[in-house]
file my_file-v6.cif (mmCIF, C-alpha atoms)
data_target
loop_
_atom_site.group_PDB
_atom_site.id
_atom_site.type_symbol
_atom_site.label_atom_id
_atom_site.label_comp_id
_atom_site.auth_asym_id
_atom_site.auth_seq_id
_atom_site.Cartn_x
_atom_site.Cartn_y
_atom_site.Cartn_z
ATOM 1 C CA MET A 279 14.304 -9.942 13.662
ATOM 2 C CA GLU A 280 16.046 -12.903 12.021
ATOM 3 C CA CYS A 281 15.194 -14.287 8.590
ATOM 4 C CA ARG A 282 13.489 -17.381 10.010
ATOM 5 C CA GLU A 283 11.189 -15.297 12.187
ATOM 6 C CA VAL A 284 10.412 -12.857 9.370
ATOM 7 C CA ASP A 285 9.664 -15.700 6.948
ATOM 8 C CA GLY A 286 6.893 -16.921 9.234
ATOM 9 C CA LEU A 287 5.326 -13.463 9.370
ATOM 10 C CA LEU A 288 5.405 -12.477 5.699
ATOM 11 C CA SER A 289 1.904 -13.715 4.870
ATOM 12 C CA ALA A 290 0.382 -11.995 7.888
ATOM 13 C CA TYR A 291 2.347 -8.845 7.000
ATOM 14 C CA LEU A 292 0.982 -8.806 3.461
ATOM 15 C CA ASP A 293 -2.569 -9.329 4.762
ATOM 16 C CA GLY A 294 -2.233 -6.427 7.221
ATOM 17 C CA GLU A 295 -2.750 -8.733 10.200
ATOM 18 C CA LEU A 296 0.303 -7.665 12.222
ATOM 19 C CA ASP A 297 0.269 -4.956 14.840
ATOM 20 C CA PRO A 298 2.102 -1.732 13.858
ATOM 21 C CA ALA A 299 5.289 -2.622 15.802
ATOM 22 C CA ALA A 300 5.628 -6.094 14.252
ATOM 23 C CA SER A 301 4.787 -4.742 10.804
ATOM 24 C CA THR A 302 7.510 -2.117 11.113
ATOM 25 C CA SER A 303 10.027 -4.743 12.269
ATOM 26 C CA VAL A 304 9.285 -6.955 9.273
ATOM 27 C CA ARG A 305 9.565 -4.061 6.845
ATOM 28 C CA ASP A 306 12.796 -2.792 8.438
ATOM 29 C CA HIS A 307 14.315 -6.264 8.117
ATOM 30 C CA ALA A 308 13.213 -6.553 4.468
ATOM 31 C CA ASP A 309 14.836 -3.192 3.741
ATOM 32 C CA THR A 310 18.226 -4.617 4.755
ATOM 33 C CA CYS A 311 17.902 -8.283 3.724
ATOM 34 C CA ALA A 312 17.891 -9.025 -0.003
ATOM 35 C CA ALA A 313 16.668 -12.621 0.451
ATOM 36 C CA CYS A 314 13.635 -11.650 2.557
ATOM 37 C CA ARG A 315 12.913 -8.698 0.295
ATOM 38 C CA GLU A 316 12.814 -11.054 -2.687
ATOM 39 C CA ARG A 317 10.480 -13.481 -0.877
ATOM 40 C CA LEU A 318 8.236 -10.560 0.035
ATOM 41 C CA ALA A 319 8.179 -9.343 -3.561
ATOM 42 C CA ASN A 320 7.345 -12.861 -4.827
ATOM 43 C CA LEU A 321 4.444 -13.212 -2.388
ATOM 44 C CA GLU A 322 3.168 -9.767 -3.338
ATOM 45 C CA SER A 323 3.389 -10.677 -7.024
ATOM 46 C CA ILE A 324 1.251 -13.777 -6.420
ATOM 47 C CA GLY A 325 -1.215 -11.698 -4.430
ATOM 48 C CA GLY A 326 -1.379 -9.188 -7.260
ATOM 49 C CA MET A 327 -2.277 -11.914 -9.757
ATOM 50 C CA VAL A 328 -5.038 -13.140 -7.459
ATOM 51 C CA ARG A 329 -6.408 -9.625 -6.944
ATOM 52 C CA ARG A 330 -6.495 -8.996 -10.697
ATOM 53 C CA ALA A 331 -8.456 -12.173 -11.399
ATOM 54 C CA PRO A 332 -12.256 -11.863 -11.776
ATOM 55 C CA TYR A 333 -14.291 -12.551 -8.629
ATOM 56 C CA TYR A 334 -17.796 -13.945 -8.417
ATOM 57 C CA GLN A 335 -20.112 -14.775 -5.545
ATOM 58 C CA ALA A 336 -20.120 -18.466 -4.650
ATOM 59 C CA PRO A 337 -23.123 -20.184 -6.275
ATOM 60 C CA ASP A 338 -26.069 -21.257 -4.123
ATOM 61 C CA ALA A 339 -25.297 -24.942 -4.773
ATOM 62 C CA LEU A 340 -21.833 -24.615 -3.217
ATOM 63 C CA ARG A 341 -23.198 -22.753 -0.205
ATOM 64 C CA ALA A 342 -25.903 -25.392 0.242
ATOM 65 C CA ARG A 343 -23.336 -28.229 0.185
ATOM 66 C CA VAL A 344 -21.200 -26.514 2.786
ATOM 67 C CA ALA A 345 -24.255 -25.747 4.902
ATOM 68 C CA HIS A 346 -25.335 -29.406 4.742
ATOM 69 C CA ALA A 347 -21.881 -30.566 5.808
ATOM 70 C CA GLY A 348 -21.857 -27.980 8.577
ATOM 71 C CA THR A 349 -24.972 -29.369 10.259
ATOM 72 C CA ARG A 350 -23.047 -32.415 11.456
ATOM 73 C CA SER A 351 -20.473 -30.685 13.604
ATOM 74 C CA ALA A 352 -20.217 -27.500 15.639
ATOM 75 C CA ALA A 353 -16.595 -27.335 14.559
ATOM 76 C CA THR A 354 -17.733 -26.546 11.030
ATOM 77 C CA SER A 355 -19.855 -23.542 12.018
ATOM 78 C CA HIS A 356 -16.951 -21.230 11.255
ATOM 79 C CA LEU A 357 -16.644 -22.798 7.807
ATOM 80 C CA LEU A 358 -20.344 -22.185 7.241
ATOM 81 C CA ARG A 359 -20.005 -18.514 8.122
ATOM 82 C CA TRP A 360 -16.982 -18.283 5.828
ATOM 83 C CA ALA A 361 -18.891 -19.869 2.949
ATOM 84 C CA ALA A 362 -21.688 -17.345 3.287
ATOM 85 C CA ALA A 363 -19.231 -14.617 2.354
ATOM 86 C CA ALA A 364 -17.103 -16.650 -0.026
ATOM 87 C CA VAL A 365 -16.079 -15.519 -3.467
ATOM 88 C CA MET A 366 -14.450 -17.501 -6.232
ATOM 89 C CA VAL A 367 -11.660 -16.631 -8.585
ATOM 90 C CA VAL A 368 -12.558 -18.142 -11.958
ATOM 91 C CA SER A 369 -10.308 -18.612 -14.942
ATOM 92 C CA LEU A 370 -11.339 -17.645 -18.454
ATOM 93 C CA THR A 371 -12.237 -21.296 -19.091
ATOM 94 C CA GLY A 372 -14.569 -21.358 -16.112
ATOM 95 C CA SER A 373 -12.342 -23.424 -13.814
ATOM 96 C CA ILE A 374 -12.276 -22.500 -10.137
ATOM 97 C CA LEU A 375 -8.748 -21.326 -9.334
ATOM 98 C CA PHE A 376 -9.157 -20.035 -5.813
ATOM 99 C CA VAL A 377 -11.818 -19.479 -3.174
ATOM 100 C CA ARG A 378 -11.478 -16.881 -0.448
ATOM 101 C CA SER A 379 -13.635 -14.908 1.937
ATOM 102 C CA SER A 380 -14.829 -11.597 0.617
ATOM 103 C CA THR A 381 -14.423 -10.151 4.101
ATOM 104 C CA ARG A 382 -10.646 -10.139 3.550
ATOM 105 C CA ALA A 383 -11.173 -7.676 0.697
ATOM 106 C CA VAL A 384 -13.222 -5.197 2.695
ATOM 107 C CA ARG A 385 -11.399 -1.952 3.319
ATOM 108 C CA THR A 386 -12.067 -1.107 6.965
ATOM 109 C CA ALA A 387 -11.298 2.010 8.925
ATOM 110 C CA ASP A 388 -8.790 -0.016 10.956
ATOM 111 C CA SER A 389 -6.847 -0.979 7.841
ATOM 112 C CA VAL A 390 -6.724 2.645 6.681
ATOM 113 C CA ASP A 391 -5.473 3.710 10.101
ATOM 114 C CA ALA A 392 -2.784 1.033 9.960
ATOM 115 C CA VAL A 393 -1.619 2.244 6.543
ATOM 116 C CA ALA A 394 -1.547 5.818 7.858
ATOM 117 C CA GLN A 395 0.757 4.699 10.662
ATOM 118 C CA GLU A 396 2.975 2.896 8.152
ATOM 119 C CA VAL A 397 3.398 5.874 5.833
ATOM 120 C CA VAL A 398 4.328 8.091 8.782
ATOM 121 C CA SER A 399 6.866 5.477 9.900
ATOM 122 C CA GLY A 400 8.227 5.408 6.348
ATOM 123 C CA HIS A 401 8.522 9.190 6.350
ATOM 124 C CA VAL A 402 10.389 9.223 9.668
ATOM 125 C CA ARG A 403 12.621 6.313 8.696
ATOM 126 C CA ALA A 404 13.618 8.011 5.448
ATOM 127 C CA LEU A 405 14.524 11.245 7.232
ATOM 128 C CA MET A 406 16.388 9.671 10.146
ATOM 129 C CA GLY A 407 18.028 6.860 8.203
ATOM 130 C CA GLU A 408 19.368 9.220 5.558
ATOM 131 C CA HIS A 409 17.787 7.102 2.820
ATOM 132 C CA LEU A 410 15.515 9.726 1.430
ATOM 133 C CA PHE A 411 16.507 9.162 -2.196
ATOM 134 C CA ASP A 412 17.204 6.300 -4.544
ATOM 135 C CA VAL A 413 17.141 8.790 -7.402
ATOM 136 C CA ARG A 414 17.882 12.433 -6.630
ATOM 137 C CA SER A 415 16.741 14.881 -9.299
ATOM 138 C CA THR A 416 14.484 17.877 -9.810
ATOM 139 C CA ASP A 417 13.590 16.602 -13.291
ATOM 140 C CA GLN A 418 10.372 14.615 -13.425
ATOM 141 C CA HIS A 419 11.582 13.022 -16.666
ATOM 142 C CA THR A 420 14.499 11.560 -14.720
ATOM 143 C CA VAL A 421 12.567 10.475 -11.632
ATOM 144 C CA LYS A 422 9.629 8.787 -13.384
ATOM 145 C CA PRO A 423 11.703 6.499 -15.667
ATOM 146 C CA TRP A 424 13.805 5.394 -12.691
ATOM 147 C CA PHE A 425 10.851 3.366 -11.383
ATOM 148 C CA LEU A 426 10.546 1.328 -14.601
ATOM 149 C CA GLY A 427 11.226 -2.342 -13.879
ATOM 150 C CA LYS A 428 11.174 -1.732 -10.112
ATOM 151 C CA LEU A 429 7.392 -1.488 -9.761
ATOM 152 C CA ASP A 430 4.447 -3.139 -11.498
ATOM 153 C CA PHE A 431 2.943 0.287 -12.190
ATOM 154 C CA SER A 432 4.108 3.687 -13.408
ATOM 155 C CA PRO A 433 3.657 6.384 -10.751
ATOM 156 C CA PRO A 434 2.504 9.845 -11.845
ATOM 157 C CA VAL A 435 5.348 12.320 -11.262
ATOM 158 C CA THR A 436 4.649 16.061 -11.332
ATOM 159 C CA ASP A 437 7.069 18.937 -10.797
ATOM 160 C CA LEU A 438 5.470 21.722 -8.750
ATOM 161 C CA ALA A 439 8.533 23.966 -8.512
ATOM 162 C CA GLN A 440 6.725 26.967 -9.979
ATOM 163 C CA ALA A 441 4.147 26.721 -7.196
ATOM 164 C CA GLY A 442 6.832 26.536 -4.510
ATOM 165 C CA PHE A 443 6.919 22.748 -4.049
ATOM 166 C CA PRO A 444 9.917 21.532 -6.063
ATOM 167 C CA LEU A 445 10.374 17.838 -6.785
ATOM 168 C CA THR A 446 13.725 16.651 -5.391
ATOM 169 C CA GLY A 447 13.732 12.914 -6.125
ATOM 170 C CA GLY A 448 12.201 9.573 -5.271
ATOM 171 C CA ARG A 449 12.842 6.132 -3.859
ATOM 172 C CA LEU A 450 11.383 2.639 -3.623
ATOM 173 C CA ASP A 451 9.552 2.072 -0.330
ATOM 174 C CA TYR A 452 7.238 -0.538 1.204
ATOM 175 C CA VAL A 453 3.740 0.026 2.596
ATOM 176 C CA ALA A 454 1.283 -2.680 3.681
ATOM 177 C CA GLY A 455 3.634 -5.336 2.381
ATOM 178 C CA ARG A 456 3.935 -4.054 -1.168
ATOM 179 C CA PRO A 457 6.562 -1.975 -2.965
ATOM 180 C CA VAL A 458 5.404 1.592 -3.602
ATOM 181 C CA ALA A 459 6.768 4.767 -5.133
ATOM 182 C CA ALA A 460 7.855 7.475 -2.693
ATOM 183 C CA LEU A 461 8.160 10.893 -4.317
ATOM 184 C CA VAL A 462 10.030 13.603 -2.437
ATOM 185 C CA TYR A 463 9.084 17.283 -2.540
ATOM 186 C CA THR A 464 10.163 20.242 -0.432
ATOM 187 C CA ARG A 465 8.585 23.414 0.913
ATOM 188 C CA GLY A 466 11.328 25.655 2.262
ATOM 189 C CA GLN A 467 13.185 23.497 4.792
ATOM 190 C CA HIS A 468 10.356 20.983 5.056
ATOM 191 C CA THR A 469 10.253 17.601 3.303
ATOM 192 C CA ILE A 470 7.044 16.185 1.869
ATOM 193 C CA ASN A 471 6.929 12.461 1.121
ATOM 194 C CA VAL A 472 4.209 11.281 -1.262
ATOM 195 C CA PHE A 473 3.611 7.515 -1.283
ATOM 196 C CA VAL A 474 1.843 6.234 -4.406
ATOM 197 C CA TRP A 475 0.490 2.829 -5.433
ATOM 198 C CA PRO A 476 -2.477 1.471 -7.425
ATOM 199 C CA ASP A 477 -5.889 1.629 -5.762
ATOM 200 C CA ALA A 478 -7.888 -1.571 -6.207
ATOM 201 C CA SER A 479 -11.246 0.221 -5.993
ATOM 202 C CA ASN A 480 -10.323 2.470 -8.930
ATOM 203 C CA ALA A 481 -12.647 5.110 -7.448
ATOM 204 C CA ALA A 482 -11.897 8.749 -6.683
ATOM 205 C CA HIS A 483 -12.041 9.836 -3.040
ATOM 206 C CA PRO A 484 -11.474 13.333 -1.664
ATOM 207 C CA SER A 485 -8.553 14.095 0.608
ATOM 208 C CA ASP A 486 -8.668 12.697 4.136
ATOM 209 C CA ALA A 487 -6.747 14.794 6.681
ATOM 210 C CA ARG A 488 -5.237 13.592 9.934
ATOM 211 C CA ALA A 489 -2.305 14.226 12.264
ATOM 212 C CA ILE A 490 -0.077 11.398 13.504
ATOM 213 C CA ARG A 491 2.910 11.740 15.847
ATOM 214 C CA GLY A 492 3.255 15.426 15.040
ATOM 215 C CA PHE A 493 3.070 14.983 11.260
ATOM 216 C CA HIS A 494 0.287 16.111 8.937
ATOM 217 C CA VAL A 495 -1.095 13.366 6.712
ATOM 218 C CA ARG A 496 -3.314 13.608 3.645
ATOM 219 C CA HIS A 497 -4.798 10.651 1.794
ATOM 220 C CA TRP A 498 -6.789 10.588 -1.434
ATOM 221 C CA THR A 499 -7.350 8.403 -4.487
ATOM 222 C CA HIS A 500 -7.493 9.549 -8.071
ATOM 223 C CA GLY A 501 -6.996 8.014 -11.487
ATOM 224 C CA GLY A 502 -6.691 4.498 -10.096
ATOM 225 C CA MET A 503 -3.925 5.509 -7.664
ATOM 226 C CA SER A 504 -3.806 5.849 -3.891
ATOM 227 C CA TYR A 505 -1.822 8.825 -2.575
ATOM 228 C CA TRP A 506 -0.493 9.511 0.934
ATOM 229 C CA ALA A 507 1.309 12.793 1.619
ATOM 230 C CA VAL A 508 3.229 13.190 4.907
ATOM 231 C CA SER A 509 5.108 16.241 6.194
ATOM 232 C CA ASP A 510 5.697 18.550 9.140
ATOM 233 C CA VAL A 511 4.834 21.512 6.906
ATOM 234 C CA ASN A 512 1.840 23.533 8.130
ATOM 235 C CA ASP A 513 -1.700 22.450 7.258
ATOM 236 C CA ALA A 514 -2.373 25.277 4.824
ATOM 237 C CA ASP A 515 0.731 24.575 2.765
ATOM 238 C CA LEU A 516 0.063 20.832 2.703
ATOM 239 C CA ASP A 517 -3.532 21.390 1.599
ATOM 240 C CA GLN A 518 -2.301 23.665 -1.188
ATOM 241 C CA PHE A 519 0.229 21.013 -2.226
ATOM 242 C CA VAL A 520 -2.455 18.312 -2.347
ATOM 243 C CA GLN A 521 -4.772 20.510 -4.403
ATOM 244 C CA LEU A 522 -1.990 21.113 -6.917
ATOM 245 C CA LEU A 523 -1.259 17.395 -7.210
ATOM 246 C CA GLN A 524 -4.946 16.603 -7.645
ATOM 247 C CA GLN A 525 -5.183 19.074 -10.498
#
call {"tool": "encode", "arguments": {"input": "my_file-v6.cif", "output": "C-alpha cells"}}
result
Amino acid sequence: MECREVDGLLSAYLDGELDPAASTSVRDHADTCAACRERLANLESIGGMVRRAPYYQAPDALRARVAHAGTRSAATSHLLRWAAAAVMVVSLTGSILFVRSSTRAVRTADSVDAVAQEVVSGHVRALMGEHLFDVRSTDQHTVKPWFLGKLDFSPPVTDLAQAGFPLTGGRLDYVAGRPVAALVYTRGQHTINVFVWPDASNAAHPSDARAIRGFHVRHWTHGGMSYWAVSDVNDADLDQFVQLLQQ
C-alpha cells in the first residue's frame, strides 16, 4: 500500500471496520512508514481522549426532536435509528462535546475474532520478520521501563523463569489500530508472545482458548488490562503459563 491509500483507511482501521487482509496491510505499512505511523498514533490519541470522556444516554428531548424531523423523510429513518442508540460525551461544564452511536462501543464476538486474527498475525510477523525484540533482556526491571514514553499505559511485566517460562524481552506492536506492549517469553525452543493493552470494560474475564492457523491462543482480562498469549507450545504448557501470569 502507498501512503495516500493508507491515509484513507486509517479511520476504518482504528474502528475495526476493515477485513483482516486490509487491516494487516495497513498495519504492515505503518510499521515501515514513520509518517503514517505518526498519523495513526495521533488518531488513536484522539480516540483515547474520547473514550475516556464520560458518556450519557441522549435525553428524551433530543430523541424526540430527531424523531419529529425523521417523520418528514424516509431518508432520515437511519438517523432516527441512530438517535435511539445515541450517547453523548459531556464536558465537566455540561457542554456537549461529541455525540456517537453506542452500538460502536459494543464488543461483539466478531470484533474479538478479528483481534484474535491480528495477534496471531503479529506473532507470525515478529517471528518471520526477525523483529521479535525492541528491547532484549531477561530482566523485568529493564523491559518494563523501556515502554515508558512509548505507550500511554505501563504494562505489567513478570519474570517466570523459575517456573520454566523465562522473559526474554519485549517490543512495541500494533493491534486493532493502537500501539500495544508485546512481551516475549520462551518455553524450551518455543516462543510465547503476550500482547497487553488497557481494557475499557475494566472487568475481569477468565481465559478464552482457541486455535488459529496452527497456533494456540489465550485471551483474558485482569486488573484493567487485556491479555492475548500466542504460541505453538502445547496446550498444557500454555495453560500453565497463563495461570502463572494471572496469579
call {"tool": "resolve_selection", "arguments": {"input": "my_file-v6.cif", "expression": "the PyMOL selection byres ((chain A and resi 394) around 12)", "output": "PyMOL selection string"}}
result
chain A and resi 298+387-393+395-401+453-454+473+486-491+493-498+504-508
call {"tool": "atom_distance", "arguments": {"input": "my_file-v6.cif", "atom1": "atom CA of Lys428 of chain A", "atom2": "atom CA of Leu450 of chain A"}}
result
7.8 Å
call {"tool": "atom_distance", "arguments": {"input": "my_file-v6.cif", "atom1": "atom CA of Tyr463 of chain A", "atom2": "atom CA of Phe443 of chain A"}}
result
6.1 Å
call {"tool": "axis_aligned_box", "arguments": {"input": "my_file-v6.cif", "around": "segment 409-418 of chain A", "padding_each_side": "5 Å", "output": "lines of an AutoDock Vina configuration file"}}
result
center_x = 14.1
center_y = 12.1
center_z = -5.3
size_x = 17.5
size_y = 21.6
size_z = 26.2
call {"tool": "atom_distance", "arguments": {"input": "my_file-v6.cif", "atom1": "atom CA of His500 of chain A", "atom2": "atom CA of Leu522 of chain A"}}
result
12.9 Å
call {"tool": "residues_around", "arguments": {"input": "my_file-v6.cif", "residues": "Tyr291 of chain A", "least_positions_apart": "4", "cutoff": "7 Å", "atoms": "only C-alpha atoms", "output": "ChimeraX atom specification"}}
result
/A:287,295-296,301,455
call {"tool": "write_last_selection", "arguments": {"input": "my_file-v6.cif", "atoms": "C-alpha atoms", "output": "mmCIF file, in the coordinates of the input"}}
result
data_model
loop_
_atom_site.group_PDB
_atom_site.id
_atom_site.type_symbol
_atom_site.label_atom_id
_atom_site.label_comp_id
_atom_site.auth_asym_id
_atom_site.auth_seq_id
_atom_site.Cartn_x
_atom_site.Cartn_y
_atom_site.Cartn_z
ATOM 1 C CA LEU A 287 5.326 -13.463 9.370
ATOM 2 C CA GLU A 295 -2.750 -8.733 10.200
ATOM 3 C CA LEU A 296 0.303 -7.665 12.222
ATOM 4 C CA SER A 301 4.787 -4.742 10.804
ATOM 5 C CA GLY A 455 3.634 -5.336 2.381
#
call {"tool": "resolve_selection", "arguments": {"input": "my_file-v6.cif", "expression": "the PyMOL selection byres ((chain A and resi 419) around 12)", "output": "list in words"}}
result
Val413, Arg414, Ser415, Thr416, Asp417, Gln418, Thr420, Val421, Lys422, Pro423, Trp424, Phe425, Leu426, Pro433, Pro434, Val435, Thr436, Asp437, Leu445, Gly447 and Gly448 of chain A
call {"tool": "residues_near_point", "arguments": {"input": "my_file-v6.cif", "point": "(16.1, -1.6, 6.4)", "cutoff": "12 Å", "atoms": "only C-alpha atoms", "output": "CSV table (one decimal) with C-alpha atoms, in the coordinates of the input"}}
result
chain,number,residue,atom,x,y,z
A,279,MET,CA,14.3,-9.9,13.7
A,302,THR,CA,7.5,-2.1,11.1
A,303,SER,CA,10.0,-4.7,12.3
A,304,VAL,CA,9.3,-7.0,9.3
A,305,ARG,CA,9.6,-4.1,6.8
A,306,ASP,CA,12.8,-2.8,8.4
A,307,HIS,CA,14.3,-6.3,8.1
A,308,ALA,CA,13.2,-6.6,4.5
A,309,ASP,CA,14.8,-3.2,3.7
A,310,THR,CA,18.2,-4.6,4.8
A,311,CYS,CA,17.9,-8.3,3.7
A,312,ALA,CA,17.9,-9.0,0.0
A,314,CYS,CA,13.6,-11.6,2.6
A,315,ARG,CA,12.9,-8.7,0.3
A,400,GLY,CA,8.2,5.4,6.3
A,403,ARG,CA,12.6,6.3,8.7
A,404,ALA,CA,13.6,8.0,5.4
A,406,MET,CA,16.4,9.7,10.1
A,407,GLY,CA,18.0,6.9,8.2
A,408,GLU,CA,19.4,9.2,5.6
A,409,HIS,CA,17.8,7.1,2.8
A,450,LEU,CA,11.4,2.6,-3.6
A,451,ASP,CA,9.6,2.1,-0.3
A,452,TYR,CA,7.2,-0.5,1.2
call {"tool": "closest_residue", "arguments": {"input": "my_file-v6.cif", "among": "A:Asp412, A:Gly427, A:Thr499, A:Arg343", "to": "Ala460 of chain A", "atoms": "all atoms listed in the file"}}
result
A:Asp412
call {"tool": "closest_residue", "arguments": {"input": "my_file-v6.cif", "among": "A:Leu318, A:Ala313, A:Leu438, A:Cys281", "to": "Gln518 of chain A", "atoms": "all atoms listed in the file"}}
result
A:Leu438
call {"tool": "build_atoms", "arguments": {"input": "my_file-v6.cif", "residues": "segment 314-323 of chain A", "atoms": "all heavy atoms", "output": "PDB file, in the frame of the given file"}}
result
ATOM      1  N   CYS A 314      15.000 -11.840   2.058  1.00  0.00           N
ATOM      2  CA  CYS A 314      13.635 -11.650   2.557  1.00  0.00           C
ATOM      3  C   CYS A 314      12.868 -10.662   1.692  1.00  0.00           C
ATOM      4  O   CYS A 314      11.665 -10.799   1.492  1.00  0.00           O
ATOM      5  CB  CYS A 314      13.670 -11.169   4.009  1.00  0.00           C
ATOM      6  SG  CYS A 314      14.192 -12.459   5.173  1.00  0.00           S
ATOM      7  N   ARG A 315      13.564  -9.662   1.174  1.00  0.00           N
ATOM      8  CA  ARG A 315      12.913  -8.698   0.295  1.00  0.00           C
ATOM      9  C   ARG A 315      12.434  -9.387  -0.983  1.00  0.00           C
ATOM     10  O   ARG A 315      11.339  -9.092  -1.490  1.00  0.00           O
ATOM     11  CB  ARG A 315      13.880  -7.558  -0.037  1.00  0.00           C
ATOM     12  CG  ARG A 315      13.226  -6.417  -0.787  1.00  0.00           C
ATOM     13  CD  ARG A 315      14.082  -5.160  -0.732  1.00  0.00           C
ATOM     14  NE  ARG A 315      15.412  -5.358  -1.273  1.00  0.00           N
ATOM     15  CZ  ARG A 315      16.538  -5.335  -0.548  1.00  0.00           C
ATOM     16  NH1 ARG A 315      16.486  -5.131   0.754  1.00  0.00           N
ATOM     17  NH2 ARG A 315      17.718  -5.519  -1.122  1.00  0.00           N
ATOM     18  N   GLU A 316      13.215 -10.322  -1.484  1.00  0.00           N
ATOM     19  CA  GLU A 316      12.814 -11.054  -2.687  1.00  0.00           C
ATOM     20  C   GLU A 316      11.615 -11.955  -2.405  1.00  0.00           C
ATOM     21  O   GLU A 316      10.683 -12.039  -3.209  1.00  0.00           O
ATOM     22  CB  GLU A 316      13.981 -11.891  -3.207  1.00  0.00           C
ATOM     23  CG  GLU A 316      13.664 -12.645  -4.486  1.00  0.00           C
ATOM     24  CD  GLU A 316      14.847 -13.430  -5.025  1.00  0.00           C
ATOM     25  OE1 GLU A 316      15.929 -13.375  -4.388  1.00  0.00           O
ATOM     26  OE2 GLU A 316      14.705 -14.089  -6.055  1.00  0.00           O
ATOM     27  N   ARG A 317      11.624 -12.641  -1.228  1.00  0.00           N
ATOM     28  CA  ARG A 317      10.480 -13.481  -0.877  1.00  0.00           C
ATOM     29  C   ARG A 317       9.219 -12.643  -0.724  1.00  0.00           C
ATOM     30  O   ARG A 317       8.132 -13.037  -1.151  1.00  0.00           O
ATOM     31  CB  ARG A 317      10.763 -14.241   0.434  1.00  0.00           C
ATOM     32  CG  ARG A 317      11.705 -15.419   0.271  1.00  0.00           C
ATOM     33  CD  ARG A 317      11.644 -16.344   1.463  1.00  0.00           C
ATOM     34  NE  ARG A 317      12.181 -15.735   2.671  1.00  0.00           N
ATOM     35  CZ  ARG A 317      13.457 -15.751   3.011  1.00  0.00           C
ATOM     36  NH1 ARG A 317      14.337 -16.354   2.229  1.00  0.00           N
ATOM     37  NH2 ARG A 317      13.872 -15.193   4.126  1.00  0.00           N
ATOM     38  N   LEU A 318       9.374 -11.455  -0.128  1.00  0.00           N
ATOM     39  CA  LEU A 318       8.236 -10.560   0.035  1.00  0.00           C
ATOM     40  C   LEU A 318       7.694 -10.118  -1.318  1.00  0.00           C
ATOM     41  O   LEU A 318       6.485 -10.097  -1.551  1.00  0.00           O
ATOM     42  CB  LEU A 318       8.657  -9.348   0.868  1.00  0.00           C
ATOM     43  CG  LEU A 318       7.568  -8.327   1.200  1.00  0.00           C
ATOM     44  CD1 LEU A 318       6.494  -8.964   2.066  1.00  0.00           C
ATOM     45  CD2 LEU A 318       8.176  -7.128   1.921  1.00  0.00           C
ATOM     46  N   ALA A 319       8.590  -9.771  -2.226  1.00  0.00           N
ATOM     47  CA  ALA A 319       8.179  -9.343  -3.561  1.00  0.00           C
ATOM     48  C   ALA A 319       7.477 -10.472  -4.308  1.00  0.00           C
ATOM     49  O   ALA A 319       6.490 -10.248  -5.022  1.00  0.00           O
ATOM     50  CB  ALA A 319       9.394  -8.847  -4.348  1.00  0.00           C
ATOM     51  N   ASN A 320       7.970 -11.722  -4.158  1.00  0.00           N
ATOM     52  CA  ASN A 320       7.345 -12.861  -4.827  1.00  0.00           C
ATOM     53  C   ASN A 320       5.936 -13.110  -4.304  1.00  0.00           C
ATOM     54  O   ASN A 320       5.008 -13.358  -5.076  1.00  0.00           O
ATOM     55  CB  ASN A 320       8.197 -14.119  -4.625  1.00  0.00           C
ATOM     56  CG  ASN A 320       9.481 -14.084  -5.428  1.00  0.00           C
ATOM     57  OD1 ASN A 320       9.595 -13.347  -6.406  1.00  0.00           O
ATOM     58  ND2 ASN A 320      10.466 -14.854  -5.015  1.00  0.00           N
ATOM     59  N   LEU A 321       5.777 -13.030  -2.969  1.00  0.00           N
ATOM     60  CA  LEU A 321       4.444 -13.212  -2.388  1.00  0.00           C
ATOM     61  C   LEU A 321       3.498 -12.112  -2.840  1.00  0.00           C
ATOM     62  O   LEU A 321       2.329 -12.356  -3.130  1.00  0.00           O
ATOM     63  CB  LEU A 321       4.546 -13.225  -0.859  1.00  0.00           C
ATOM     64  CG  LEU A 321       5.150 -14.483  -0.226  1.00  0.00           C
ATOM     65  CD1 LEU A 321       5.341 -14.279   1.269  1.00  0.00           C
ATOM     66  CD2 LEU A 321       4.274 -15.693  -0.487  1.00  0.00           C
ATOM     67  N   GLU A 322       4.001 -10.881  -2.904  1.00  0.00           N
ATOM     68  CA  GLU A 322       3.168  -9.767  -3.338  1.00  0.00           C
ATOM     69  C   GLU A 322       2.773  -9.929  -4.803  1.00  0.00           C
ATOM     70  O   GLU A 322       1.651  -9.605  -5.197  1.00  0.00           O
ATOM     71  CB  GLU A 322       3.908  -8.446  -3.138  1.00  0.00           C
ATOM     72  CG  GLU A 322       3.165  -7.229  -3.649  1.00  0.00           C
ATOM     73  CD  GLU A 322       1.814  -7.053  -3.008  1.00  0.00           C
ATOM     74  OE1 GLU A 322       1.666  -7.420  -1.823  1.00  0.00           O
ATOM     75  OE2 GLU A 322       0.896  -6.564  -3.677  1.00  0.00           O
ATOM     76  N   SER A 323       3.694 -10.458  -5.612  1.00  0.00           N
ATOM     77  CA  SER A 323       3.389 -10.677  -7.024  1.00  0.00           C
ATOM     78  C   SER A 323       2.260 -11.698  -7.181  1.00  0.00           C
ATOM     79  O   SER A 323       1.341 -11.519  -7.985  1.00  0.00           O
ATOM     80  CB  SER A 323       4.646 -11.154  -7.758  1.00  0.00           C
ATOM     81  OG  SER A 323       4.362 -11.427  -9.109  1.00  0.00           O
TER      82      SER A 323
END
